[in-house]
file run09.cif (mmCIF, C-alpha atoms)
data_coords
loop_
_atom_site.label_atom_id
_atom_site.label_comp_id
_atom_site.auth_asym_id
_atom_site.auth_seq_id
_atom_site.Cartn_x
_atom_site.Cartn_y
_atom_site.Cartn_z
CA MET A 1115 0.44 -7.05 13.83
CA ILE A 1116 4.04 -6.07 13.20
CA THR A 1117 6.44 -3.61 14.70
CA LEU A 1118 8.19 -0.45 13.71
CA GLN A 1119 10.69 0.32 16.44
CA ARG A 1120 11.53 3.78 17.69
CA ASP A 1121 15.16 4.62 17.21
CA THR A 1122 17.25 7.66 16.58
CA ALA A 1123 19.04 6.01 13.65
CA PRO A 1124 17.36 6.70 10.33
CA ALA A 1125 15.90 3.77 8.41
CA VAL A 1126 16.46 5.39 5.01
CA PRO A 1127 19.54 3.29 4.07
CA GLU A 1128 17.71 0.08 4.92
CA GLN A 1129 14.64 1.10 2.95
CA ALA A 1130 16.87 2.08 0.05
CA ALA A 1131 18.36 -1.42 0.18
CA TRP A 1132 14.87 -2.90 -0.10
CA ALA A 1133 14.17 -0.61 -3.06
CA GLY A 1134 17.36 -1.93 -4.61
CA ALA A 1135 16.16 -5.48 -3.98
CA GLN A 1136 12.97 -4.63 -5.86
CA ILE A 1137 14.94 -3.42 -8.88
CA LEU A 1138 17.14 -6.51 -8.70
CA LEU A 1139 14.09 -8.79 -8.69
CA LEU A 1140 12.70 -6.96 -11.72
CA GLY A 1141 16.02 -7.50 -13.46
CA VAL A 1142 15.87 -11.23 -12.70
CA LEU A 1143 12.33 -11.36 -14.08
CA GLY A 1144 13.49 -9.47 -17.14
CA ASP A 1145 16.11 -12.13 -17.85
CA ALA A 1146 13.82 -15.05 -16.96
CA VAL A 1147 10.58 -14.12 -18.73
CA GLY A 1148 11.44 -11.08 -20.81
CA LEU A 1149 9.77 -8.43 -18.68
CA GLY A 1150 8.64 -5.60 -20.94
CA PRO A 1151 8.50 -1.81 -20.45
CA LEU A 1152 5.04 -1.87 -18.85
CA GLY A 1153 6.15 -4.46 -16.33
CA TRP A 1154 9.27 -2.48 -15.50
CA LEU A 1155 7.21 0.69 -15.12
CA ALA A 1156 4.62 -0.94 -12.84
CA GLY A 1157 7.21 -2.71 -10.69
CA THR A 1158 9.43 0.34 -10.34
CA ALA A 1159 6.50 2.64 -9.56
CA TYR A 1160 5.25 0.19 -6.94
CA GLY A 1161 8.68 -0.01 -5.30
CA PHE A 1162 9.16 3.76 -5.26
CA LEU A 1163 5.68 4.46 -3.86
CA THR A 1164 6.10 1.82 -1.16
CA TRP A 1165 9.43 3.33 -0.11
CA ALA A 1166 8.08 6.90 -0.17
CA LEU A 1167 4.86 6.17 1.72
CA LEU A 1168 6.58 4.05 4.36
CA SER A 1169 9.30 6.68 4.88
CA SER A 1170 6.68 9.40 5.28
CA ALA A 1171 4.62 7.32 7.71
CA MET A 1172 7.69 6.51 9.81
CA GLN A 1173 8.66 10.17 10.03
CA ARG A 1174 5.17 11.18 11.12
CA SER A 1175 5.06 8.49 13.81
CA GLY A 1176 8.60 9.09 15.04
CA CYS A 1177 9.72 5.53 14.22
CA GLY A 1178 13.34 5.53 13.18
CA SER A 1179 14.05 1.90 12.32
CA LEU A 1180 12.45 -1.27 11.09
CA GLY A 1181 11.77 -4.15 13.44
CA PRO A 1182 12.39 -7.83 12.59
CA ALA A 1183 8.77 -8.45 11.58
CA ASP A 1184 8.84 -5.35 9.38
CA ARG A 1185 11.74 -6.83 7.45
CA VAL A 1186 9.64 -9.90 6.74
CA THR A 1187 6.86 -7.64 5.51
CA MET A 1188 9.32 -5.75 3.34
CA ALA A 1189 10.39 -9.06 1.79
CA ARG A 1190 6.72 -9.77 1.11
CA GLY A 1191 6.45 -6.34 -0.43
CA VAL A 1192 9.29 -7.07 -2.84
CA LEU A 1193 7.52 -10.25 -3.97
CA VAL A 1194 4.28 -8.31 -4.41
CA GLY A 1195 6.21 -5.89 -6.61
CA GLY A 1196 7.24 -8.84 -8.76
CA VAL A 1197 3.63 -10.02 -9.03
CA THR A 1198 2.58 -6.48 -9.94
CA ALA A 1199 5.16 -6.30 -12.71
CA LEU A 1200 4.13 -9.66 -14.17
CA VAL A 1201 0.41 -8.86 -14.14
CA ALA A 1202 0.93 -5.41 -15.66
CA ASP A 1203 3.32 -6.71 -18.30
CA ARG A 1204 1.21 -9.58 -19.60
CA ALA A 1205 -2.31 -8.27 -18.87
CA GLY A 1206 -3.68 -11.79 -18.56
CA GLN A 1207 -2.07 -13.03 -21.78
CA ASP A 1208 0.54 -15.77 -21.58
CA ALA A 1209 1.56 -14.79 -18.06
CA PRO A 1210 4.31 -16.94 -16.48
CA THR A 1211 1.89 -18.74 -14.18
CA THR A 1212 4.47 -20.74 -12.24
CA ILE A 1213 6.52 -17.71 -11.22
CA LEU A 1214 3.49 -15.53 -10.53
CA VAL A 1215 1.81 -18.16 -8.35
CA ALA A 1216 5.06 -18.96 -6.54
CA PHE A 1217 5.70 -15.31 -5.67
CA ALA A 1218 2.12 -14.79 -4.51
CA ALA A 1219 2.05 -18.01 -2.49
CA VAL A 1220 5.31 -17.21 -0.69
CA ALA A 1221 4.02 -13.70 0.05
CA LEU A 1222 0.90 -15.21 1.62
CA VAL A 1223 2.95 -17.60 3.74
CA LEU A 1224 5.18 -14.76 4.92
CA ASP A 1225 2.05 -12.92 6.04
CA PHE A 1226 1.72 -15.60 8.71
CA VAL A 1227 5.44 -15.48 9.49
CA ASP A 1228 5.65 -11.75 10.20
CA GLY A 1229 2.79 -12.04 12.67
CA GLN A 1230 4.57 -14.87 14.46
CA VAL A 1231 7.80 -12.87 14.58
CA ALA A 1232 6.00 -9.87 16.05
CA ARG A 1233 4.32 -11.97 18.74
CA ARG A 1234 7.50 -13.81 19.70
CA THR A 1235 9.48 -10.60 20.01
CA GLY A 1236 6.67 -9.05 22.04
CA THR A 1237 6.62 -5.84 20.02
CA ALA A 1238 3.84 -4.32 17.95
CA SER A 1239 2.66 -0.95 16.66
CA ALA A 1240 -0.30 0.53 14.83
CA LEU A 1241 1.98 1.70 12.02
CA GLY A 1242 3.49 -1.75 11.61
CA ALA A 1243 0.05 -3.33 11.48
CA ARG A 1244 -1.04 -0.79 8.87
CA PHE A 1245 2.01 -1.53 6.74
CA ASP A 1246 1.23 -5.24 6.92
CA MET A 1247 -2.40 -4.65 5.96
CA GLU A 1248 -1.55 -2.42 3.00
CA VAL A 1249 0.83 -5.00 1.53
CA ASP A 1250 -1.91 -7.64 1.90
CA ALA A 1251 -4.54 -5.42 0.33
CA PHE A 1252 -2.41 -4.54 -2.67
CA LEU A 1253 -1.51 -8.17 -3.33
CA ILE A 1254 -5.21 -9.06 -3.32
CA LEU A 1255 -5.91 -6.18 -5.70
CA VAL A 1256 -3.23 -7.28 -8.17
CA LEU A 1257 -4.30 -10.92 -8.01
CA SER A 1258 -7.92 -9.96 -8.57
CA VAL A 1259 -6.89 -8.03 -11.69
CA HIS A 1260 -5.05 -11.08 -13.00
CA VAL A 1261 -7.88 -13.51 -12.25
CA ALA A 1262 -10.47 -11.10 -13.69
CA PHE A 1263 -9.00 -11.65 -17.15
CA ALA A 1264 -10.08 -15.29 -16.90
CA PHE A 1265 -13.40 -15.03 -15.05
CA GLY A 1266 -14.69 -11.54 -15.70
CA PRO A 1267 -14.56 -8.04 -14.22
CA TRP A 1268 -16.76 -9.01 -11.26
CA VAL A 1269 -13.64 -10.52 -9.65
CA LEU A 1270 -12.27 -6.99 -9.26
CA ALA A 1271 -14.78 -6.50 -6.45
CA ILE A 1272 -12.54 -8.65 -4.25
CA GLY A 1273 -9.53 -6.41 -4.76
CA THR A 1274 -11.30 -3.06 -4.72
CA MET A 1275 -13.72 -3.57 -1.84
CA ARG A 1276 -11.27 -2.53 0.86
CA TYR A 1277 -10.30 0.61 -1.07
CA LEU A 1278 -13.96 1.49 -1.66
CA PHE A 1279 -14.51 1.14 2.07
CA VAL A 1280 -11.66 3.60 2.71
CA VAL A 1281 -13.11 6.10 0.22
CA ALA A 1282 -16.53 5.74 1.85
CA SER A 1283 -14.97 6.47 5.24
CA TRP A 1284 -13.83 9.86 3.94
CA ILE A 1285 -17.48 10.73 3.36
CA LEU A 1286 -18.94 8.87 6.35
CA PRO A 1287 -16.67 9.43 9.37
CA TRP A 1288 -18.44 6.79 11.45
CA LEU A 1289 -16.85 4.14 9.22
CA ARG A 1290 -13.45 5.12 10.67
CA ALA A 1291 -14.25 3.82 14.15
CA ASP A 1292 -12.19 0.93 15.46
CA LEU A 1293 -13.67 -2.50 14.93
CA PRO A 1294 -13.46 -5.22 17.58
CA PRO A 1295 -11.07 -8.11 16.86
CA SER A 1296 -12.69 -10.85 14.80
CA LEU A 1297 -11.36 -14.27 13.86
CA ALA A 1298 -14.05 -14.50 11.18
CA ARG A 1299 -12.82 -11.27 9.57
CA LYS A 1300 -9.24 -12.54 9.55
CA ALA A 1301 -10.28 -15.90 8.12
CA VAL A 1302 -12.28 -14.31 5.32
CA ALA A 1303 -9.41 -11.96 4.48
CA ALA A 1304 -6.93 -14.84 4.35
CA LEU A 1305 -9.35 -16.85 2.21
CA GLN A 1306 -9.29 -14.22 -0.54
CA GLY A 1307 -5.57 -14.58 -1.18
CA VAL A 1308 -5.62 -18.36 -1.09
CA VAL A 1309 -8.57 -18.64 -3.48
CA LEU A 1310 -7.12 -16.10 -5.91
CA VAL A 1311 -3.78 -17.91 -5.99
CA VAL A 1312 -5.56 -21.21 -6.61
CA ALA A 1313 -7.59 -19.61 -9.40
CA ALA A 1314 -4.47 -18.05 -10.90
CA SER A 1315 -2.72 -21.42 -10.95
CA GLY A 1316 -5.35 -22.82 -13.31
CA VAL A 1317 -5.16 -26.28 -11.77
CA ALA A 1318 -8.36 -26.30 -9.72
CA PRO A 1319 -11.66 -27.34 -11.31
CA PHE A 1320 -14.59 -24.99 -10.77
CA ALA A 1321 -12.19 -22.20 -9.78
CA GLY A 1322 -14.76 -19.62 -10.81
CA ILE A 1323 -17.19 -21.01 -8.23
CA LEU A 1324 -14.50 -20.84 -5.56
CA VAL A 1325 -13.81 -17.20 -6.41
CA ALA A 1326 -17.54 -16.41 -6.30
CA LEU A 1327 -17.85 -18.04 -2.87
CA ALA A 1328 -14.83 -16.07 -1.65
CA LEU A 1329 -16.45 -12.86 -2.87
CA ALA A 1330 -19.69 -13.78 -1.12
CA ALA A 1331 -17.79 -14.33 2.13
CA LEU A 1332 -16.06 -10.97 1.71
CA LEU A 1333 -19.38 -9.20 1.11
CA TRP A 1334 -20.75 -10.81 4.26
CA SER A 1335 -17.69 -9.75 6.27
CA PHE A 1336 -17.82 -6.13 5.11
CA GLY A 1337 -21.58 -6.04 5.56
CA HIS A 1338 -21.26 -7.36 9.10
CA ASP A 1339 -18.63 -4.75 9.97
CA VAL A 1340 -20.59 -1.87 8.43
CA ARG A 1341 -23.68 -2.94 10.34
CA TRP A 1342 -21.68 -3.04 13.59
CA LEU A 1343 -20.23 0.42 12.92
CA TRP A 1344 -23.68 1.81 12.12
CA ARG A 1345 -25.13 0.43 15.34
CA SER A 1346 -22.19 1.80 17.34
CA ARG A 1347 -22.78 5.19 15.73
CA ALA A 1348 -26.43 5.11 16.70
CA ILE A 1349 -25.56 4.22 20.30
CA ALA A 1350 -22.93 6.98 20.49
CA GLN A 1351 -25.45 9.55 19.24
CA THR A 1352 -28.15 8.55 21.73
CA PRO A 1353 -28.67 11.55 24.03
CA VAL A 1354 -27.97 10.99 27.70
CA ALA A 1355 -30.43 12.48 30.17
CA GLU A 1356 -28.93 15.10 32.44
CA GLY A 1357 -29.76 15.85 36.05
CA CYS A 1358 -30.93 13.62 38.86
CA SER A 1359 -33.59 11.02 38.40
CA SER A 1360 -36.54 11.03 40.71
CA VAL A 1361 -37.44 7.99 42.73
#
call {"tool": "encode", "arguments": {"input": "run09.cif", "output": "structure tokens"}}
result
Amino acid sequence: MITLQRDTAPAVPEQAAWAGAQILLLGVLGDAVGLGPLGWLAGTAYGFLTWALLSSAMQRSGCGSLGPADRVTMARGVLVGGVTALVADRAGQDAPTTILVAFAAVALVLDFVDGQVARRTGTASALGARFDMEVDAFLILVLSVHVAFAFGPWVLAIGTMRYLFVVASWILPWLRADLPPSLARKAVAALQGVVLVVAASGVAPFAGILVALALAALLWSFGHDVRWLWRSRAIAQTPVAEGCSSV
């Protein structure tokens, strides 16, 4: 969980600087690997949407500045923008594997770092945690698209499952209830990124089997959570007898 600190000073200049860092990274990729128009479009759109959505969320929550852990997450977000541009530009064909894997791997490592920073500073917020989760989810989505070119469209289930769950929660409000903390859930979520990066690297034998096992673990995790939410819904809807009981 990371922190967005309340402050009267606006965070717009800092967020604009991060948006500039995203454009700079795209420029570096353009020089290094010849990033094409589609890559530029995807990377720029990602950076703009991240900036716009985060700014809007901060205004709604009354948070005026970014905390130290948030800056780590923003750095991760810039790397994810680079991965997005590379995947969109090459569409699975002759992608610069070394750069793509390096960006994704560093982003995954920084996911651990921002949590450590938040805990050591003793600050956390629901908005910061949501920002962290959305960056993670989008990285998994982009990696699943890339790996799907090699192993088939079924891999997309890894990247889209969380978003399908969100859509389902719009229809079924009981899916929006808070879940209890779970180390198993966190481990399964972390596993997805690691396995997808390994599969994207092309160096591991039987990578398709590893991806399939990761998907199976993710299905189990989501199934377990949905079952828990359903049972909690049933308990909440159980009528409570009124009046005094007789002895």
call {"tool": "atom_distance", "arguments": {"input": "run09.cif", "atom1": "CA of Ala1232 in chain A", "atom2": "CA of Leu1305 in chain A"}}
result
21.8 Å
call {"tool": "atom_distance", "arguments": {"input": "run09.cif", "atom1": "CA of Arg1174 in chain A", "atom2": "CA of Asp1339 in chain A"}}
result
28.7 Å
call {"tool": "closest_atom_pairs", "arguments": {"input": "run09.cif", "of": "range 1235-1345 of chain A", "to": "range 1150-1165 of chain A", "cutoff": "12 Å", "atoms": "all atoms listed in the file", "output": "JSON lines"}}
result
{"residue": "A:Phe1245", "atom": "CA", "partner": "A:Thr1164", "partner_atom": "CA", "distance": 9.5}
{"residue": "A:Asp1246", "atom": "CA", "partner": "A:Thr1164", "partner_atom": "CA", "distance": 11.8}
{"residue": "A:Glu1248", "atom": "CA", "partner": "A:Thr1164", "partner_atom": "CA", "distance": 9.7}
{"residue": "A:Val1249", "atom": "CA", "partner": "A:Thr1164", "partner_atom": "CA", "distance": 9.0}
{"residue": "A:Phe1252", "atom": "CA", "partner": "A:Tyr1160", "partner_atom": "CA", "distance": 10.0}
{"residue": "A:Leu1253", "atom": "CA", "partner": "A:Tyr1160", "partner_atom": "CA", "distance": 11.3}
{"residue": "A:Val1256", "atom": "CA", "partner": "A:Ala1156", "partner_atom": "CA", "distance": 11.1}
call {"tool": "write_last_selection", "arguments": {"input": "run09.cif", "atoms": "C-alpha atoms", "output": "JSON list (two decimals), keeping the file's coordinate frame"}}
result
[["chain", "number", "residue", "atom", "x", "y", "z"],
["A", 1245, "PHE", "CA", 2.01, -1.53, 6.74],
["A", 1246, "ASP", "CA", 1.23, -5.24, 6.92],
["A", 1248, "GLU", "CA", -1.55, -2.42, 3.00],
["A", 1249, "VAL", "CA", 0.83, -5.00, 1.53],
["A", 1252, "PHE", "CA", -2.41, -4.54, -2.67],
["A", 1253, "LEU", "CA", -1.51, -8.17, -3.33],
["A", 1256, "VAL", "CA", -3.23, -7.28, -8.17]]
call {"tool": "closest_residue", "arguments": {"input": "run09.cif", "among": "A:Thr1198, A:Gln1230, A:Ser1175, A:Thr1187", "to": "Leu1255 in chain A", "atoms": "only C-alpha atoms"}}
result
A:Thr1198
call {"tool": "residues_around", "arguments": {"input": "run09.cif", "residues": "Ile1254 in chain A", "least_positions_apart": "4", "cutoff": "6 Å", "atoms": "all atoms listed in the file", "output": "PyMOL selection string"}}
result
chain A and resi 1258+1273+1307
call {"tool": "closest_residue", "arguments": {"input": "run09.cif", "among": "A:Leu1270, A:Val1197, A:Val1325, A:Ala1218", "to": "Leu1139 in chain A", "atoms": "only C-alpha atoms"}}
result
A:Val1197
call {"tool": "closest_residue", "arguments": {"input": "run09.cif", "among": "A:Ala1240, A:Val1269, A:Val1186, A:Ala1133", "to": "Ala1313 in chain A", "atoms": "all atoms listed in the file"}}
result
A:Val1269
call {"tool": "closest_residue", "arguments": {"input": "run09.cif", "among": "A:Ala1321, A:Gln1136, A:Glu1128, A:Ser1296", "to": "Ser1179 in chain A", "atoms": "only C-alpha atoms"}}
result
A:Glu1128
call {"tool": "atom_distance", "arguments": {"input": "run09.cif", "atom1": "CA of Leu1193 in chain A", "atom2": "CA of Phe1217 in chain A"}}
result
5.6 Å
call {"tool": "closest_residue", "arguments": {"input": "run09.cif", "among": "A:Leu1143, A:Ala1130, A:Leu1222, A:Leu1329", "to": "Trp1268 in chain A", "atoms": "only C-alpha atoms"}}
result
A:Leu1329
call {"tool": "axis_aligned_box", "arguments": {"input": "run09.cif", "around": "range 1147-1150 of chain A", "padding_each_side": "4 Å", "output": "JSON"}}
result
{"center_x": 10.0, "center_y": -9.9, "center_z": -19.8, "size_x": 10.8, "size_y": 16.5, "size_z": 10.3}
call {"tool": "closest_residue", "arguments": {"input": "run09.cif", "among": "A:Val1231, A:Val1259, A:Met1188, A:Leu1200", "to": "Ile1213 in chain A", "atoms": "all atoms listed in the file"}}
result
A:Leu1200
call {"tool": "resolve_selection", "arguments": {"input": "run09.cif", "expression": "the PyMOL selection byres ((chain A and resi 1299-1304) around 10)", "output": "VMD selection string"}}
result
chain A and resid 1222 1225 to 1226 1250 to 1251 1254 1272 1295 to 1298 1305 to 1309 1328 to 1336 1338 to 1339
call {"tool": "write_last_selection", "arguments": {"input": "run09.cif", "atoms": "C-alpha atoms", "output": "PDB file, in the coordinates of the input"}}
result
ATOM      1  CA  LEU A1222       0.900 -15.210   1.620  1.00  0.00           C
ATOM      2  CA  ASP A1225       2.050 -12.920   6.040  1.00  0.00           C
ATOM      3  CA  PHE A1226       1.720 -15.600   8.710  1.00  0.00           C
ATOM      4  CA  ASP A1250      -1.910  -7.640   1.900  1.00  0.00           C
ATOM      5  CA  ALA A1251      -4.540  -5.420   0.330  1.00  0.00           C
ATOM      6  CA  ILE A1254      -5.210  -9.060  -3.320  1.00  0.00           C
ATOM      7  CA  ILE A1272     -12.540  -8.650  -4.250  1.00  0.00           C
ATOM      8  CA  PRO A1295     -11.070  -8.110  16.860  1.00  0.00           C
ATOM      9  CA  SER A1296     -12.690 -10.850  14.800  1.00  0.00           C
ATOM     10  CA  LEU A1297     -11.360 -14.270  13.860  1.00  0.00           C
ATOM     11  CA  ALA A1298     -14.050 -14.500  11.180  1.00  0.00           C
ATOM     12  CA  LEU A1305      -9.350 -16.850   2.210  1.00  0.00           C
ATOM     13  CA  GLN A1306      -9.290 -14.220  -0.540  1.00  0.00           C
ATOM     14  CA  GLY A1307      -5.570 -14.580  -1.180  1.00  0.00           C
ATOM     15  CA  VAL A1308      -5.620 -18.360  -1.090  1.00  0.00           C
ATOM     16  CA  VAL A1309      -8.570 -18.640  -3.480  1.00  0.00           C
ATOM     17  CA  ALA A1328     -14.830 -16.070  -1.650  1.00  0.00           C
ATOM     18  CA  LEU A1329     -16.450 -12.860  -2.870  1.00  0.00           C
ATOM     19  CA  ALA A1330     -19.690 -13.780  -1.120  1.00  0.00           C
ATOM     20  CA  ALA A1331     -17.790 -14.330   2.130  1.00  0.00           C
ATOM     21  CA  LEU A1332     -16.060 -10.970   1.710  1.00  0.00           C
ATOM     22  CA  LEU A1333     -19.380  -9.200   1.110  1.00  0.00           C
ATOM     23  CA  TRP A1334     -20.750 -10.810   4.260  1.00  0.00           C
ATOM     24  CA  SER A1335     -17.690  -9.750   6.270  1.00  0.00           C
ATOM     25  CA  PHE A1336     -17.820  -6.130   5.110  1.00  0.00           C
ATOM     26  CA  HIS A1338     -21.260  -7.360   9.100  1.00  0.00           C
ATOM     27  CA  ASP A1339     -18.630  -4.750   9.970  1.00  0.00           C
TER      28      ASP A1339
END
call {"tool": "resolve_selection", "arguments": {"input": "run09.cif", "expression": "the PyMOL selection byres ((chain A and resi 1184) around 12)", "output": "PyMOL selection string"}}
result
chain A and resi 1115-1119+1125+1128-1129+1132+1168+1172+1177+1179-1183+1185-1191+1224-1225+1227-1232+1235+1237-1239+1241-1247+1249
call {"tool": "resolve_selection", "arguments": {"input": "run09.cif", "expression": "the PyMOL selection byres ((chain A and resi 1288) around 8)", "output": "ChimeraX atom specification"}}
result
/A:1283,1286-1287,1289-1291,1343-1344,1347
call {"tool": "decode", "arguments": {"input": "run09.cif", "residues": "range 1156-1171 of chain A", "atoms": "C-alpha atoms", "output": "mmCIF file, in the first residue's frame"}}
result
data_model
loop_
_atom_site.group_PDB
_atom_site.id
_atom_site.type_symbol
_atom_site.label_atom_id
_atom_site.label_comp_id
_atom_site.auth_asym_id
_atom_site.auth_seq_id
_atom_site.Cartn_x
_atom_site.Cartn_y
_atom_site.Cartn_z
ATOM 1 C CA ALA A 1156 0.120 3.877 -27.404
ATOM 2 C CA GLY A 1157 2.844 5.216 -25.116
ATOM 3 C CA THR A 1158 1.623 8.802 -25.295
ATOM 4 C CA ALA A 1159 -2.015 7.814 -24.754
ATOM 5 C CA TYR A 1160 -1.014 5.701 -21.759
ATOM 6 C CA GLY A 1161 0.972 8.561 -20.226
ATOM 7 C CA PHE A 1162 -1.803 11.096 -20.761
ATOM 8 C CA LEU A 1163 -4.524 8.830 -19.359
ATOM 9 C CA THR A 1164 -2.406 7.968 -16.318
ATOM 10 C CA TRP A 1165 -1.810 11.653 -15.613
ATOM 11 C CA ALA A 1166 -5.473 12.588 -16.151
ATOM 12 C CA LEU A 1167 -6.933 9.760 -14.061
ATOM 13 C CA LEU A 1168 -4.487 10.253 -11.201
ATOM 14 C CA SER A 1169 -5.086 14.017 -11.162
ATOM 15 C CA SER A 1170 -8.839 13.484 -11.073
ATOM 16 C CA ALA A 1171 -8.598 10.901 -8.294
#
